[in-house]
Amino acid sequence: MKAEQFRATLRSQFKFRFFLLKKLPIAYLSGLRLPEITEEKAVVTIPFKFLTQNPFRSMYFASQAMAAELSTGALALAETSWRKPRISMLVFDMKANFVKKATSKITFTCNDGKQFHDAVEECIKTGEGVTIEAKSVGIDKAGDVVSEFYFTWTFKQKKA
């Protein structure tokens, strides 16, 4: 399965929900959606509801982190899931800035698809591990930035 085939699978609402149920059940229960994924970007939404809120009537930071990570992780999976030799991927570090109280559905967008592609290509070409930092920005229904996440991803060829 090539990268575009994997992205097409994720674009299917049924297949994406099945993927979440099988691989990330808490994301499924939280209501994460992937309305858009291309070579360049991935967009993930998370609703403001009982399972995603904290006692202060805003979205729990971990719920935001889960959605932001998926916006970067979907791009990473699309580049690694079909590769030979197999490539392992791992979040090595995460930083976050919280700008505004999140009290509505949040849309996280990562525009670093090319960076993921280049990192995986370099990993395959050199046989060495590659590290990149990807950014995901969360925007509320009013169009305001509520949070920014920076995920450091590492890619390494798996030993045969």
# chains A, B, ... in the order shown; residues from 1 in each chain; ligands from 1
>>> select_by_dssp(residues="chain A", states="strand (DSSP E or B)", output="ChimeraX atom specification")
/A:33-37,42-46,53,59,87-98,106-110,130-139,145-157
>>> write_last_selection(atoms="N, CA and C atoms", output="short mmCIF file (atom, residue, chain, number, x, y, z; two decimals), in the first residue's frame")
data_model
loop_
_atom_site.label_atom_id
_atom_site.label_comp_id
_atom_site.auth_asym_id
_atom_site.auth_seq_id
_atom_site.Cartn_x
_atom_site.Cartn_y
_atom_site.Cartn_z
N ARG A 33 -11.96 13.13 14.47
CA ARG A 33 -12.27 12.96 13.05
C ARG A 33 -11.08 13.48 12.24
N LEU A 34 -10.94 12.94 11.03
CA LEU A 34 -9.87 13.34 10.12
C LEU A 34 -10.54 13.83 8.83
N PRO A 35 -11.00 15.08 8.82
CA PRO A 35 -11.72 15.56 7.63
C PRO A 35 -10.85 15.77 6.41
N GLU A 36 -9.52 15.88 6.61
CA GLU A 36 -8.65 16.12 5.46
C GLU A 36 -7.26 15.56 5.72
N ILE A 37 -6.74 14.86 4.70
CA ILE A 37 -5.34 14.45 4.71
C ILE A 37 -4.85 14.43 3.27
N ALA A 42 -2.50 17.41 7.30
CA ALA A 42 -3.55 16.60 7.91
C ALA A 42 -4.33 17.50 8.88
N VAL A 43 -5.64 17.32 8.87
CA VAL A 43 -6.53 18.10 9.72
C VAL A 43 -7.31 17.12 10.60
N VAL A 44 -7.28 17.34 11.90
CA VAL A 44 -7.99 16.50 12.86
C VAL A 44 -8.87 17.39 13.72
N THR A 45 -10.11 16.96 13.94
CA THR A 45 -11.01 17.72 14.81
C THR A 45 -11.32 16.91 16.07
N ILE A 46 -11.55 17.63 17.15
CA ILE A 46 -11.96 17.00 18.40
C ILE A 46 -13.11 17.82 18.98
N GLN A 53 -13.48 17.16 28.28
CA GLN A 53 -13.36 18.37 29.09
C GLN A 53 -12.75 18.10 30.46
N MET A 59 -11.50 22.36 27.41
CA MET A 59 -11.00 21.08 26.92
C MET A 59 -9.72 20.71 27.65
N ILE A 87 10.02 0.89 8.57
CA ILE A 87 10.50 2.06 9.30
C ILE A 87 9.73 2.17 10.61
N SER A 88 10.47 2.29 11.70
CA SER A 88 9.80 2.54 12.98
C SER A 88 9.72 4.04 13.20
N MET A 89 8.68 4.44 13.88
CA MET A 89 8.49 5.87 14.18
C MET A 89 8.07 6.00 15.63
N LEU A 90 8.50 7.11 16.23
CA LEU A 90 8.25 7.30 17.64
C LEU A 90 8.25 8.79 17.97
N VAL A 91 7.32 9.21 18.80
CA VAL A 91 7.36 10.57 19.32
C VAL A 91 8.42 10.60 20.40
N PHE A 92 9.41 11.45 20.21
CA PHE A 92 10.55 11.55 21.11
C PHE A 92 10.35 12.68 22.13
N ASP A 93 9.65 13.74 21.71
CA ASP A 93 9.47 14.90 22.58
C ASP A 93 8.21 15.65 22.15
N MET A 94 7.65 16.41 23.07
CA MET A 94 6.48 17.22 22.76
C MET A 94 6.55 18.51 23.58
N LYS A 95 6.21 19.60 22.92
CA LYS A 95 6.10 20.89 23.59
C LYS A 95 4.75 21.48 23.21
N ALA A 96 4.18 22.26 24.11
CA ALA A 96 2.88 22.86 23.82
C ALA A 96 2.80 24.27 24.38
N ASN A 97 2.07 25.10 23.64
CA ASN A 97 1.72 26.45 24.10
C ASN A 97 0.21 26.55 24.10
N PHE A 98 -0.35 26.95 25.23
CA PHE A 98 -1.80 27.12 25.33
C PHE A 98 -2.09 28.61 25.33
N ILE A 106 -12.31 21.87 18.40
CA ILE A 106 -10.99 22.38 18.00
C ILE A 106 -10.53 21.63 16.75
N THR A 107 -9.96 22.37 15.82
CA THR A 107 -9.42 21.80 14.59
C THR A 107 -7.91 21.96 14.62
N PHE A 108 -7.22 20.83 14.58
CA PHE A 108 -5.75 20.82 14.57
C PHE A 108 -5.25 20.56 13.16
N THR A 109 -4.32 21.39 12.71
CA THR A 109 -3.76 21.26 11.36
C THR A 109 -2.25 21.18 11.44
N CYS A 110 -1.71 20.18 10.75
CA CYS A 110 -0.26 20.05 10.59
C CYS A 110 0.02 20.18 9.11
N VAL A 130 16.52 9.47 11.70
CA VAL A 130 16.25 10.86 11.34
C VAL A 130 15.22 11.42 12.33
N THR A 131 15.45 12.65 12.74
CA THR A 131 14.56 13.32 13.69
C THR A 131 14.03 14.60 13.05
N ILE A 132 12.72 14.83 13.21
CA ILE A 132 12.12 16.07 12.74
C ILE A 132 11.18 16.62 13.82
N GLU A 133 10.91 17.92 13.73
CA GLU A 133 9.91 18.54 14.59
C GLU A 133 8.75 19.00 13.72
N ALA A 134 7.54 18.55 14.09
CA ALA A 134 6.34 18.92 13.35
C ALA A 134 5.45 19.77 14.25
N LYS A 135 4.78 20.73 13.63
CA LYS A 135 3.91 21.66 14.36
C LYS A 135 2.46 21.40 14.02
N SER A 136 1.61 21.44 15.04
CA SER A 136 0.16 21.34 14.85
C SER A 136 -0.49 22.50 15.59
N VAL A 137 -1.36 23.21 14.90
CA VAL A 137 -2.01 24.38 15.48
C VAL A 137 -3.50 24.09 15.66
N GLY A 138 -4.01 24.35 16.87
CA GLY A 138 -5.42 24.15 17.18
C GLY A 138 -6.19 25.45 17.11
N ILE A 139 -7.28 25.43 16.35
CA ILE A 139 -8.12 26.62 16.16
C ILE A 139 -9.55 26.29 16.58
N VAL A 145 -6.64 30.88 17.57
CA VAL A 145 -5.68 29.84 17.97
C VAL A 145 -5.83 29.60 19.46
N VAL A 146 -6.01 28.33 19.83
CA VAL A 146 -6.12 27.98 21.25
C VAL A 146 -4.86 27.29 21.76
N SER A 147 -4.18 26.56 20.86
CA SER A 147 -2.95 25.88 21.29
C SER A 147 -2.07 25.55 20.09
N GLU A 148 -0.80 25.39 20.39
CA GLU A 148 0.19 24.98 19.39
C GLU A 148 1.00 23.85 20.00
N PHE A 149 1.18 22.80 19.24
CA PHE A 149 1.95 21.65 19.70
C PHE A 149 3.12 21.41 18.76
N TYR A 150 4.24 21.02 19.34
CA TYR A 150 5.44 20.69 18.58
C TYR A 150 5.85 19.27 18.97
N PHE A 151 5.80 18.36 18.00
CA PHE A 151 6.16 16.97 18.25
C PHE A 151 7.47 16.66 17.55
N THR A 152 8.40 16.09 18.29
CA THR A 152 9.65 15.62 17.71
C THR A 152 9.48 14.14 17.41
N TRP A 153 9.53 13.82 16.11
CA TRP A 153 9.38 12.44 15.64
C TRP A 153 10.75 11.88 15.26
N THR A 154 10.96 10.62 15.56
CA THR A 154 12.17 9.93 15.11
C THR A 154 11.77 8.78 14.19
N PHE A 155 12.57 8.58 13.17
CA PHE A 155 12.37 7.50 12.20
C PHE A 155 13.65 6.69 12.12
N LYS A 156 13.51 5.37 12.09
CA LYS A 156 14.67 4.50 12.03
C LYS A 156 14.28 3.22 11.31
N GLN A 157 15.19 2.71 10.48
CA GLN A 157 14.93 1.44 9.82
C GLN A 157 14.92 0.32 10.85
#
>>> residues_around(residues="range 17-30 of chain A", least_positions_apart="2", cutoff="12 Å", atoms="only C-alpha atoms", output="number ranges by chain")
A: 6, 9-15, 32-35, 44-53, 59-60, 62-70, 73-74, 105
>>> select_by_dssp(residues="chain A", states="alpha helix (DSSP H)", output="PyMOL selection string")
chain A and resi 3-11+13-23+25-30+61-80+113-126
>>> closest_residue(among="A:Ser81, A:Ser71, A:Ser58, A:Gln5", to="Ala102 in chain A", atoms="only C-alpha atoms")
A:Ser58
>>> closest_residue(among="A:Lys141, A:Cys123, A:Gln115, A:Arg86", to="Lys158 in chain A", atoms="only C-alpha atoms")
A:Arg86
>>> closest_residue(among="A:Asn54, A:Thr103, A:Thr126, A:Thr80", to="Ala142 in chain A", atoms="only C-alpha atoms")
A:Thr103
